>>> print(open('protein_0.cif').read())   # mmCIF, C-alpha atoms and all ligand atoms
data_input
#
loop_
_atom_site.label_atom_id
_atom_site.label_comp_id
_atom_site.auth_asym_id
_atom_site.auth_seq_id
_atom_site.Cartn_x
_atom_site.Cartn_y
_atom_site.Cartn_z
CA MET A 57 -24.55 39.60 21.64
CA HIS A 58 -24.25 35.82 21.43
CA GLN A 59 -26.56 33.88 19.11
CA PRO A 60 -28.12 31.77 20.60
CA GLN A 61 -28.35 34.20 23.52
CA LEU A 62 -26.66 33.37 26.81
CA SER A 63 -29.26 34.97 29.11
CA HIS A 64 -29.34 32.04 31.55
CA LEU A 65 -25.58 31.91 31.73
CA ALA A 66 -25.46 35.65 32.35
CA ALA A 67 -27.97 35.30 35.22
CA THR A 68 -26.35 32.23 36.81
CA ASP A 69 -22.69 33.04 36.31
CA PRO A 70 -22.09 36.60 35.17
CA ASP A 71 -18.32 36.18 35.54
CA LEU A 72 -18.25 33.30 33.10
CA ALA A 73 -20.74 35.00 30.77
CA GLY A 74 -18.47 38.03 30.74
CA LEU A 75 -15.52 35.89 29.75
CA VAL A 76 -17.49 34.29 26.89
CA GLU A 77 -18.48 37.76 25.72
CA ALA A 78 -14.85 38.88 25.88
CA GLU A 79 -13.76 35.90 23.79
CA ALA A 80 -16.50 36.60 21.24
CA THR A 81 -15.36 40.23 20.99
CA ARG A 82 -11.77 39.08 20.52
CA GLN A 83 -12.82 36.68 17.76
CA HIS A 84 -14.84 39.46 16.13
CA ASP A 85 -12.13 42.12 16.23
CA LYS A 86 -9.15 40.11 15.04
CA ILE A 87 -7.91 38.68 11.79
CA ARG A 88 -7.88 35.04 12.83
CA LEU A 89 -5.26 33.21 10.80
CA ILE A 90 -4.74 30.08 12.91
CA ALA A 91 -4.89 27.45 10.18
CA SER A 92 -6.89 24.97 12.27
CA GLU A 93 -9.61 27.37 13.41
CA ASN A 94 -12.87 28.64 11.96
CA TYR A 95 -16.26 30.14 12.91
CA VAL A 96 -19.18 27.69 13.18
CA SER A 97 -22.73 28.63 12.24
CA PRO A 98 -25.43 29.49 14.81
CA ALA A 99 -27.10 26.16 13.90
CA VAL A 100 -23.96 24.26 14.88
CA LEU A 101 -23.73 26.33 18.09
CA GLU A 102 -27.35 25.51 18.96
CA ALA A 103 -26.83 21.76 18.46
CA THR A 104 -23.65 21.89 20.54
CA GLY A 105 -25.49 23.63 23.37
CA SER A 106 -28.54 21.34 23.33
CA VAL A 107 -29.95 18.88 25.92
CA LEU A 108 -28.22 16.07 24.05
CA THR A 109 -25.32 16.69 26.42
CA ASN A 110 -27.46 15.07 29.15
CA LYS A 111 -27.48 11.60 27.59
CA TYR A 112 -25.17 8.58 27.93
CA SER A 113 -25.01 6.28 24.90
CA GLU A 114 -22.07 3.87 25.18
CA GLY A 115 -22.11 1.58 22.16
CA TYR A 116 -23.40 2.19 18.65
CA PRO A 117 -26.90 2.70 17.20
CA GLY A 118 -28.97 -0.45 17.84
CA LYS A 119 -26.44 -1.83 20.33
CA ARG A 120 -26.14 0.39 23.38
CA TYR A 121 -25.32 -0.28 27.00
CA TYR A 122 -27.85 2.28 28.28
CA GLU A 123 -31.60 2.58 27.67
CA GLY A 124 -33.41 5.59 26.26
CA GLN A 125 -31.68 5.80 22.87
CA GLN A 126 -34.88 6.34 20.86
CA VAL A 127 -33.67 9.78 19.74
CA VAL A 128 -29.89 9.51 19.97
CA ASP A 129 -29.73 6.49 17.65
CA PRO A 130 -31.32 8.30 14.70
CA ILE A 131 -29.14 11.35 15.39
CA GLU A 132 -25.95 9.29 15.21
CA GLU A 133 -27.22 7.39 12.15
CA LEU A 134 -27.97 10.70 10.44
CA ALA A 135 -24.42 11.94 11.10
CA GLN A 136 -22.97 8.64 9.81
CA GLU A 137 -25.18 8.71 6.71
CA ARG A 138 -24.26 12.32 5.90
CA ALA A 139 -20.54 11.61 6.36
CA ARG A 140 -20.73 8.57 4.07
CA ALA A 141 -22.59 10.50 1.39
CA LEU A 142 -20.44 13.63 1.56
CA PHE A 143 -17.06 11.88 1.54
CA GLY A 144 -18.16 8.95 -0.66
CA VAL A 145 -17.03 6.27 1.80
CA PRO A 146 -18.64 2.98 2.90
CA HIS A 147 -18.35 3.48 6.68
CA ALA A 148 -18.12 6.41 9.09
CA ASN A 149 -17.54 6.46 12.84
CA VAL A 150 -18.55 9.87 14.22
CA GLN A 151 -17.69 9.26 17.88
CA PRO A 152 -13.98 10.22 18.29
CA TYR A 153 -13.72 13.04 20.81
CA SER A 154 -11.14 14.80 18.67
CA GLY A 155 -8.31 14.26 16.20
CA SER A 156 -5.78 12.78 18.61
CA PRO A 157 -8.14 10.04 19.90
CA ALA A 158 -9.10 9.32 16.28
CA ASN A 159 -5.48 8.71 15.37
CA LEU A 160 -4.89 6.68 18.54
CA ALA A 161 -7.81 4.47 17.48
CA VAL A 162 -5.96 3.80 14.22
CA HIS A 163 -2.86 2.76 16.16
CA LEU A 164 -4.92 0.52 18.43
CA ALA A 165 -6.80 -1.06 15.53
CA PHE A 166 -3.80 -1.98 13.41
CA MET A 167 -0.69 -2.17 15.58
CA ARG A 168 0.76 -3.67 18.74
CA PRO A 169 3.51 -2.10 20.91
CA GLY A 170 6.77 -1.89 19.00
CA ASP A 171 5.21 -2.15 15.54
CA THR A 172 6.57 0.05 12.77
CA PHE A 173 4.62 2.73 10.95
CA LEU A 174 5.55 5.43 8.46
CA SER A 175 4.54 9.08 8.72
CA LEU A 176 5.59 12.65 8.01
CA GLU A 177 8.12 14.08 10.48
CA LEU A 178 6.40 16.53 12.88
CA ALA A 179 8.87 19.33 12.08
CA HIS A 180 8.13 18.80 8.37
CA GLY A 181 4.36 19.16 8.81
CA GLY A 182 3.21 15.94 10.52
CA HIS A 183 1.27 15.65 13.78
CA LEU A 184 2.13 14.70 17.37
CA THR A 185 0.04 11.53 17.05
CA HIS A 186 1.97 10.50 13.94
CA GLY A 187 4.84 9.25 16.11
CA SER A 188 6.38 12.22 17.87
CA PRO A 189 8.72 10.98 20.63
CA VAL A 190 6.68 12.91 23.23
CA SER A 191 3.40 11.23 22.17
CA ILE A 192 2.22 7.73 23.10
CA SER A 193 2.38 7.03 19.36
CA GLY A 194 6.14 7.57 19.48
CA LYS A 195 6.72 6.00 22.89
CA TRP A 196 4.85 2.72 22.38
CA LEU A 197 5.22 2.21 18.64
CA ARG A 198 8.17 2.47 16.23
CA PRO A 199 7.61 5.42 13.91
CA VAL A 200 9.80 5.91 10.87
CA HIS A 201 9.49 9.34 9.27
CA TYR A 202 9.68 10.68 5.77
CA GLY A 203 10.20 14.39 5.22
CA VAL A 204 10.11 17.14 2.65
CA GLY A 205 12.97 18.06 0.34
CA ARG A 206 15.30 20.79 1.67
CA GLU A 207 15.07 22.71 -1.59
CA THR A 208 11.49 21.93 -2.63
CA GLY A 209 9.67 21.89 0.72
CA ARG A 210 7.58 19.08 -0.80
CA ILE A 211 7.21 15.43 0.14
CA ASP A 212 9.58 13.22 -1.82
CA MET A 213 7.52 10.19 -2.89
CA ASP A 214 10.68 8.28 -3.85
CA GLU A 215 11.84 8.58 -0.24
CA VAL A 216 8.44 7.35 0.97
CA ARG A 217 8.62 4.34 -1.38
CA ASP A 218 12.21 3.47 -0.39
CA LEU A 219 11.40 3.69 3.33
CA ALA A 220 8.24 1.59 2.93
CA ARG A 221 10.12 -1.11 1.00
CA LYS A 222 12.89 -1.17 3.61
CA GLU A 223 10.82 -0.93 6.80
CA ARG A 224 7.63 -2.80 5.77
CA PRO A 225 5.42 -0.65 8.05
CA LYS A 226 2.05 -1.91 9.28
CA VAL A 227 0.55 1.53 8.61
CA ILE A 228 1.46 4.48 6.40
CA PHE A 229 0.09 7.88 7.43
CA CYS A 230 -0.25 10.72 4.96
CA GLY A 231 -1.46 14.18 5.92
CA GLY A 232 -0.56 16.42 8.84
CA THR A 233 -0.84 19.89 10.33
CA ALA A 234 1.50 22.10 8.32
CA ILE A 235 1.41 20.88 4.73
CA PRO A 236 0.87 23.73 2.25
CA ARG A 237 0.80 21.47 -0.81
CA THR A 238 -1.61 18.95 -2.36
CA ILE A 239 -1.29 15.43 -0.96
CA ASP A 240 -0.81 12.79 -3.66
CA PHE A 241 -3.22 10.15 -2.33
CA PRO A 242 -2.95 7.81 -5.38
CA ALA A 243 0.85 7.72 -5.05
CA PHE A 244 0.64 6.91 -1.32
CA ALA A 245 -1.97 4.21 -2.08
CA GLU A 246 0.28 2.58 -4.66
CA ILE A 247 3.14 2.41 -2.14
CA ALA A 248 0.87 1.05 0.60
CA ARG A 249 -0.51 -1.66 -1.73
CA GLU A 250 2.98 -2.67 -2.85
CA THR A 251 4.30 -2.97 0.70
CA GLY A 252 1.18 -4.41 2.36
CA ALA A 253 0.56 -1.43 4.65
CA VAL A 254 -2.76 0.07 5.72
CA LEU A 255 -2.94 3.59 4.26
CA VAL A 256 -4.35 6.20 6.63
CA ALA A 257 -5.10 9.70 5.35
CA ASP A 258 -5.29 12.29 8.12
CA ILE A 259 -7.29 15.01 6.39
CA ALA A 260 -8.04 17.09 9.50
CA HIS A 261 -6.84 20.30 7.87
CA ILE A 262 -8.26 19.84 4.39
CA ALA A 263 -11.57 17.99 4.99
CA GLY A 264 -13.64 21.05 4.08
CA LEU A 265 -11.58 21.66 0.96
CA ILE A 266 -12.08 18.03 -0.10
CA VAL A 267 -15.86 18.04 0.25
CA GLY A 268 -15.94 21.47 -1.38
CA GLY A 269 -14.03 20.15 -4.39
CA ALA A 270 -10.95 22.30 -3.76
CA HIS A 271 -8.55 19.42 -2.95
CA PRO A 272 -8.47 15.83 -4.31
CA SER A 273 -10.17 13.23 -2.11
CA PRO A 274 -8.49 10.21 -0.50
CA ALA A 275 -11.74 8.21 -0.86
CA GLY A 276 -11.03 5.12 -2.94
CA HIS A 277 -7.29 5.44 -2.21
CA ALA A 278 -6.89 5.36 1.59
CA ASP A 279 -8.09 2.40 3.66
CA VAL A 280 -8.83 4.70 6.58
CA ILE A 281 -9.48 8.44 6.71
CA THR A 282 -9.28 10.39 9.97
CA THR A 283 -10.42 13.97 10.31
CA THR A 284 -11.35 16.54 12.85
CA THR A 285 -14.62 18.32 12.17
CA HIS A 286 -13.77 21.87 13.23
CA LYS A 287 -11.12 23.14 10.81
CA THR A 288 -11.96 23.80 7.15
CA LEU A 289 -15.03 21.53 7.60
CA ARG A 290 -16.47 24.24 9.91
CA GLY A 291 -18.18 21.98 12.43
CA PRO A 292 -17.95 21.52 16.20
CA ARG A 293 -14.82 20.34 18.02
CA GLY A 294 -14.90 16.61 17.21
CA ALA A 295 -13.63 14.01 14.78
CA MET A 296 -14.61 11.16 12.47
CA ILE A 297 -12.95 8.04 11.11
CA MET A 298 -14.05 6.78 7.72
CA THR A 299 -13.08 3.36 6.42
CA THR A 300 -13.56 0.69 3.83
CA GLU A 301 -15.94 -2.14 4.83
CA GLU A 302 -12.89 -4.29 5.55
CA HIS A 303 -11.63 -2.10 8.38
CA ALA A 304 -14.95 -0.86 9.80
CA THR A 305 -15.20 -3.30 12.71
CA ALA A 306 -11.58 -2.87 13.79
CA ILE A 307 -11.98 0.91 13.91
CA ASP A 308 -15.36 0.82 15.66
CA LYS A 309 -13.98 -1.53 18.34
CA ALA A 310 -10.89 0.64 18.78
CA ILE A 311 -13.02 3.73 19.49
CA PHE A 312 -15.50 1.89 21.73
CA PRO A 313 -14.73 0.04 23.93
CA GLY A 314 -11.02 0.37 23.06
CA LEU A 315 -10.42 4.01 23.88
CA GLN A 316 -13.59 5.88 24.70
CA GLY A 317 -16.77 5.65 26.76
CA GLY A 318 -20.00 7.42 25.90
CA PRO A 319 -20.04 9.51 22.74
CA HIS A 320 -20.68 13.23 23.12
CA ASN A 321 -24.17 13.27 21.62
CA HIS A 322 -24.40 17.07 21.44
CA THR A 323 -21.24 17.03 19.35
CA THR A 324 -22.56 14.19 17.16
CA ALA A 325 -25.66 16.28 16.43
CA ALA A 326 -23.57 19.34 15.64
CA ILE A 327 -21.39 17.26 13.30
CA ALA A 328 -24.57 16.16 11.50
CA VAL A 329 -25.57 19.81 11.09
CA ALA A 330 -22.13 20.81 9.82
CA LEU A 331 -22.15 17.96 7.30
CA LYS A 332 -25.54 19.12 6.02
CA GLU A 333 -24.15 22.66 5.65
CA ALA A 334 -21.05 21.33 3.89
CA ALA A 335 -23.22 19.50 1.33
CA ARG A 336 -24.78 22.77 0.13
CA PRO A 337 -23.54 24.46 -3.06
CA ASP A 338 -22.46 27.57 -1.11
CA PHE A 339 -19.92 25.45 0.77
CA ARG A 340 -18.21 24.65 -2.53
CA THR A 341 -17.94 28.37 -3.17
CA TYR A 342 -16.53 28.81 0.35
CA ALA A 343 -13.89 26.07 -0.10
CA HIS A 344 -12.66 27.53 -3.38
CA GLN A 345 -12.58 31.03 -1.86
CA VAL A 346 -10.44 29.71 1.03
CA VAL A 347 -7.87 28.50 -1.49
CA ALA A 348 -8.08 31.65 -3.61
CA ASN A 349 -7.51 33.78 -0.51
CA ALA A 350 -4.51 31.68 0.55
CA GLU A 351 -3.02 31.98 -2.92
CA ALA A 352 -3.52 35.76 -2.92
CA LEU A 353 -2.06 36.08 0.58
CA ALA A 354 0.92 33.90 -0.36
CA GLY A 355 1.58 36.13 -3.37
CA ALA A 356 1.32 39.33 -1.31
CA LEU A 357 3.62 37.95 1.41
CA THR A 358 6.19 36.80 -1.14
CA ALA A 359 6.14 40.26 -2.70
CA ARG A 360 7.02 41.64 0.75
CA GLY A 361 10.03 39.33 1.07
CA PHE A 362 8.50 36.62 3.26
CA ASP A 363 10.08 33.20 2.70
CA LEU A 364 7.27 30.64 2.23
CA VAL A 365 8.05 26.96 2.71
CA SER A 366 7.66 25.25 -0.70
CA GLY A 367 7.36 28.72 -2.25
CA GLY A 368 3.59 29.05 -1.81
CA THR A 369 0.44 27.07 -1.19
CA ASP A 370 -2.12 24.83 -2.92
CA ASN A 371 -4.59 24.84 -0.04
CA HIS A 372 -5.64 27.00 2.94
CA LEU A 373 -2.28 26.94 4.71
CA ILE A 374 0.94 28.94 4.47
CA LEU A 375 4.12 28.16 6.41
CA ILE A 376 6.58 31.05 6.72
CA ASP A 377 10.27 30.83 7.62
CA LEU A 378 11.13 34.14 9.30
CA THR A 379 14.90 33.64 9.36
CA ASN A 380 15.43 36.30 6.65
CA LYS A 381 13.31 38.76 8.66
CA ASN A 382 15.70 38.43 11.63
CA ILE A 383 12.98 37.48 14.09
CA GLY A 384 11.97 34.17 15.68
CA GLY A 385 8.51 32.70 15.15
CA LYS A 386 7.50 33.22 18.79
CA PRO A 387 8.28 36.94 19.17
CA ALA A 388 6.73 37.52 15.75
CA ALA A 389 3.54 35.65 16.72
CA LYS A 390 3.27 37.65 19.94
CA ALA A 391 3.77 40.96 18.15
CA LEU A 392 1.24 40.01 15.48
CA ASP A 393 -1.27 39.08 18.17
CA LEU A 394 -0.87 42.54 19.71
CA ALA A 395 -1.46 43.92 16.22
CA GLY A 396 -4.77 42.05 15.99
CA ILE A 397 -3.49 39.25 13.75
CA GLU A 398 -3.77 35.88 15.43
CA LEU A 399 -1.61 32.93 14.33
CA ASN A 400 0.77 30.39 15.80
CA PHE A 401 4.54 30.04 15.88
CA ASN A 402 5.64 26.85 14.14
CA THR A 403 8.70 24.84 13.30
CA VAL A 404 9.75 24.84 9.68
CA PRO A 405 11.45 21.89 7.93
CA PHE A 406 15.12 21.55 8.98
CA ASP A 407 14.53 24.15 11.68
CA PRO A 408 17.75 24.81 13.63
CA ARG A 409 15.66 26.21 16.51
CA LYS A 410 13.56 24.32 19.09
CA PRO A 411 9.74 23.81 18.84
CA TRP A 412 9.10 26.14 21.82
CA SER A 413 10.90 28.95 19.98
CA PRO A 414 11.02 27.97 16.31
CA SER A 415 11.87 29.86 13.14
CA GLY A 416 8.44 30.05 11.60
CA ILE A 417 4.80 30.96 11.77
CA ARG A 418 1.82 29.11 10.28
CA ILE A 419 -1.29 30.79 8.90
CA GLY A 420 -4.50 29.73 7.15
CA THR A 421 -7.47 31.39 5.51
CA ALA A 422 -10.43 29.23 6.64
CA ALA A 423 -11.71 31.60 9.33
CA VAL A 424 -11.22 34.92 7.52
CA THR A 425 -12.98 33.47 4.49
CA THR A 426 -15.98 32.56 6.65
CA ARG A 427 -16.05 36.22 7.75
CA GLY A 428 -16.25 37.24 4.09
CA LEU A 429 -12.74 38.47 3.29
CA THR A 430 -11.70 37.93 -0.32
CA GLU A 431 -8.54 38.27 -2.44
CA GLU A 432 -8.82 42.08 -2.43
CA HIS A 433 -8.19 42.17 1.35
CA MET A 434 -5.12 39.95 1.32
CA ALA A 435 -2.71 42.73 0.31
CA SER A 436 -3.68 44.66 3.45
CA VAL A 437 -3.27 41.55 5.61
CA ALA A 438 0.23 41.00 4.20
CA GLU A 439 1.10 44.68 4.67
CA TRP A 440 -0.01 44.66 8.32
CA MET A 441 1.90 41.43 8.91
CA ASP A 442 5.02 42.97 7.41
CA GLN A 443 4.65 46.16 9.47
CA ALA A 444 4.04 44.23 12.71
CA VAL A 445 7.02 41.93 12.22
CA ALA A 446 9.23 44.96 11.50
CA ALA A 447 7.84 46.83 14.53
CA ALA A 448 7.70 43.88 16.93
CA GLU A 449 9.06 45.96 19.84
CA ASP A 450 7.04 49.06 19.04
CA GLY A 451 3.88 48.94 21.18
CA PRO A 452 2.19 52.07 19.73
CA ALA A 453 2.79 50.86 16.15
CA LEU A 454 1.24 47.47 16.97
CA GLU A 455 -1.71 49.21 18.61
CA ARG A 456 -2.25 51.35 15.52
CA ILE A 457 -2.31 48.24 13.31
CA ALA A 458 -4.75 46.53 15.72
CA GLY A 459 -7.06 49.54 15.34
CA GLU A 460 -6.94 49.31 11.55
CA VAL A 461 -7.58 45.56 11.74
CA ARG A 462 -10.56 46.17 14.05
CA ASP A 463 -11.96 48.73 11.61
CA LEU A 464 -11.73 46.26 8.72
CA MET A 465 -13.22 43.34 10.64
CA GLY A 466 -16.05 45.52 11.96
CA GLY A 467 -17.39 45.51 8.41
CA PHE A 468 -17.79 41.72 8.33
CA SER A 469 -20.39 39.92 10.41
CA MET A 470 -19.40 37.04 12.66
CA PRO A 471 -21.57 33.89 12.75
CA GLY A 472 -22.90 33.38 16.28
CA TRP A 473 -22.23 36.84 17.66
CA ALA A 474 -22.81 40.50 16.89
CA PRO A 475 -21.61 43.58 18.75
CA VAL A 476 -24.29 45.51 20.66
CA ARG A 477 -24.52 48.91 19.04
N1 LIG A 501 -4.98 20.53 15.37
C1 LIG A 501 -3.63 20.77 15.16
C2 LIG A 501 -3.41 22.06 14.44
O1 LIG A 501 -3.48 23.17 15.00
O2 LIG A 501 -3.14 21.96 13.29
C3 LIG A 501 -2.85 20.61 16.38
O3 LIG A 501 -3.14 19.34 16.95
#
>>> encode(input="protein_0.cif", output="structure tokens")
Amino acid sequence: MHQPQLSHLAATDPDLAGLVEAEATRQHDKIRLIASENYVSPAVLEATGSVLTNKYSEGYPGKRYYEGQQVVDPIEELAQERARALFGVPHANVQPYSGSPANLAVHLAFMRPGDTFLSLELAHGGHLTHGSPVSISGKWLRPVHYGVGRETGRIDMDEVRDLARKERPKVIFCGGTAIPRTIDFPAFAEIARETGAVLVADIAHIAGLIVGGAHPSPAGHADVITTTTHKTLRGPRGAMIMTTEEHATAIDKAIFPGLQGGPHNHTTAAIAVALKEAARPDFRTYAHQVVANAEALAGALTARGFDLVSGGTDNHLILIDLTNKNIGGKPAAKALDLAGIELNFNTVPFDPRKPWSPSGIRIGTAAVTTRGLTEEHMASVAEWMDQAVAAAEDGPALERIAGEVRDLMGGFSMPGWAPVR
């Protein structure tokens, strides 16, 4: 049963209510290893589903284009204040609809069509909005990419420095979506200062680890910090941009009126709730457990012959090259899904295969840690993954694993939903 209950939805639209229930069951029964996903708390769910969705609020607190902001203004100010305090930054914009618009706002604030910026190659762990040729960031701007070393799987800071000196980019992005190792924010900052670039840290994946003290912070190093709010930070689907005083106005103008209209006030409220939760001592414990689980899982997978990019992980994320297992990332991901282990196929650095059918898979421990799994469960997860990859064509074997996974997960409660017994 959903918490908060969906009784009105069930009465008005039983078909849709049934689908929500089915999704909740799926999330309950599976080992969810998609590195960008999590489970939010019932408090975050309640804020997301509140009457705040009824209100238009174009503008910012104290300067809106619609009346009736007596309540929304303090809500947005509360979210801003909590973000500033938690991340230790002078300014926070909590209005971006999600991570891609947040990064587009950075492009709009600091660059004009054709301008050069530096970022991590998508296939090496970057993001579409960091200049992929299929994204507006790659079509309208001039991205130059750094990568990871073929042998090390780690970012080569000498390459970043050489490229920055040669290309003189307006902006340098660090961060991405498939980086298993610690990001060296001070080193990026030194290069950005030397070459006159604005340093942007995209911490979407590691925001929760940063505020939980399990990854160094870019605050004081990066000029601008973009993040989604729903990954390790465990909030609603949304985003924030945090800046120094110097860049606050440019970023605010880029979000509104540059890119967006009215902020999603229900999401703003839910972000405020998530930030309050992330400021509690138990969130620090959670963040460190996420990393401990990833380390344990990386060790167990390595012991079973899985080839991990960079040889392991420092954070929540593990990138696996399946070439030595004689299976592509896509068929492996589909088999694992049938076995109750949910993840995504992913390119690996220097991947000879195409993104739609790459060589790797990407996993993360944020969601399973929220469910309560600890290091002791990671050996079983690795064993099931190994069995499923080896038995990718064997339906009954995958079904058997899915049953074992369901049995394990049945012992761990899920925030926001419980099975009716
Ligand atoms: N949010 C990204 C991820 O899954 O890491 C994709 O945009």
>>> residues_near_ligand(input="protein_0.cif", ligand="ligand LIG 501 (chain A)", cutoff="9 Å", atoms="all atoms listed in the file", output="PyMOL selection string")
chain A and resi 90-93+155-156+183-185+232-234+260-261+284+287+400
>>> residues_near_point(input="protein_0.cif", point="(7.4, 45.6, 6.3)", cutoff="10 Å", atoms="all atoms listed in the file", output="list in words")
Leu357, Arg360, Gly361, Phe362, Lys381, Ala438, Glu439, Trp440, Met441, Asp442, Gln443, Ala444, Val445, Ala446 and Ala447 of chain A
>>> atom_distance(input="protein_0.cif", atom1="CA of Ser415 (chain A)", atom2="CA of Tyr95 (chain A)")
28.1 Å
>>> atom_distance(input="protein_0.cif", atom1="CA of Gly420 (chain A)", atom2="CA of Leu353 (chain A)")
9.5 Å
>>> residues_near_point(input="protein_0.cif", point="(-25.9, 8.6, 28.8)", cutoff="10 Å", atoms="all atoms listed in the file", output="list in words")
Leu108, Thr109, Asn110, Lys111, Tyr112, Ser113, Glu114, Arg120, Tyr121, Tyr122, Glu123, Gly124, Gln125, Val128, Gly317, Gly318, Pro319, His320 and Asn321 of chain A
>>> residues_around(input="protein_0.cif", residues="region 424-430 of chain A", least_positions_apart="6", cutoff="10 Å", atoms="all atoms listed in the file", output="CSV table (one decimal) with C-alpha atoms, in the frame of the given file")
chain,number,residue,atom,x,y,z
A,84,HIS,CA,-14.8,39.5,16.1
A,86,LYS,CA,-9.2,40.1,15.0
A,87,ILE,CA,-7.9,38.7,11.8
A,88,ARG,CA,-7.9,35.0,12.8
A,89,LEU,CA,-5.3,33.2,10.8
A,90,ILE,CA,-4.7,30.1,12.9
A,93,GLU,CA,-9.6,27.4,13.4
A,94,ASN,CA,-12.9,28.6,12.0
A,95,TYR,CA,-16.3,30.1,12.9
A,96,VAL,CA,-19.2,27.7,13.2
A,97,SER,CA,-22.7,28.6,12.2
A,288,THR,CA,-12.0,23.8,7.2
A,290,ARG,CA,-16.5,24.2,9.9
A,342,TYR,CA,-16.5,28.8,0.4
A,343,ALA,CA,-13.9,26.1,-0.1
A,344,HIS,CA,-12.7,27.5,-3.4
A,345,GLN,CA,-12.6,31.0,-1.9
A,346,VAL,CA,-10.4,29.7,1.0
A,347,VAL,CA,-7.9,28.5,-1.5
A,348,ALA,CA,-8.1,31.6,-3.6
A,349,ASN,CA,-7.5,33.8,-0.5
A,350,ALA,CA,-4.5,31.7,0.6
A,352,ALA,CA,-3.5,35.8,-2.9
A,353,LEU,CA,-2.1,36.1,0.6
A,372,HIS,CA,-5.6,27.0,2.9
A,464,LEU,CA,-11.7,46.3,8.7
A,465,MET,CA,-13.2,43.3,10.6
A,467,GLY,CA,-17.4,45.5,8.4
A,468,PHE,CA,-17.8,41.7,8.3
A,469,SER,CA,-20.4,39.9,10.4
A,470,MET,CA,-19.4,37.0,12.7
A,471,PRO,CA,-21.6,33.9,12.8
>>> atom_distance(input="protein_0.cif", atom1="CA of Pro475 (chain A)", atom2="CA of Met57 (chain A)")
5.7 Å
>>> residues_around(input="protein_0.cif", residues="Cys230 (chain A)", least_positions_apart="3", cutoff="10 Å", atoms="only C-alpha atoms", output="ChimeraX atom specification")
/A:174-176,182,186,202,227,239-241,244-245,255-259,274,278,281
>>> closest_residue(input="protein_0.cif", among="A:Pro387, A:Pro411, A:Gly355, A:Gly74", to="Gly368 (chain A)", atoms="only C-alpha atoms")
A:Gly355
>>> closest_residue(input="protein_0.cif", among="A:Gly451, A:Arg336, A:Ile307, A:Ala161", to="Ala148 (chain A)", atoms="all atoms listed in the file")
A:Ile307
>>> residues_around(input="protein_0.cif", residues="region 218-220 of chain A", least_positions_apart="5", cutoff="12 Å", atoms="only C-alpha atoms", output="list in words")
Thr172, Phe173, Leu174, Ser175, Leu176, Pro199, Val200, His201, Tyr202, Gly203, Asp212, Met213, Pro225, Lys226, Val227, Ile228, Phe229, Phe244, Ala245, Glu246, Ile247, Ala248, Arg249, Glu250, Thr251, Gly252, Ala253, Val254 and Leu255 of chain A
>>> closest_residue(input="protein_0.cif", among="A:Gly459, A:Pro189, A:Gly384, A:Gly314", to="Gly115 (chain A)", atoms="all atoms listed in the file")
A:Gly314
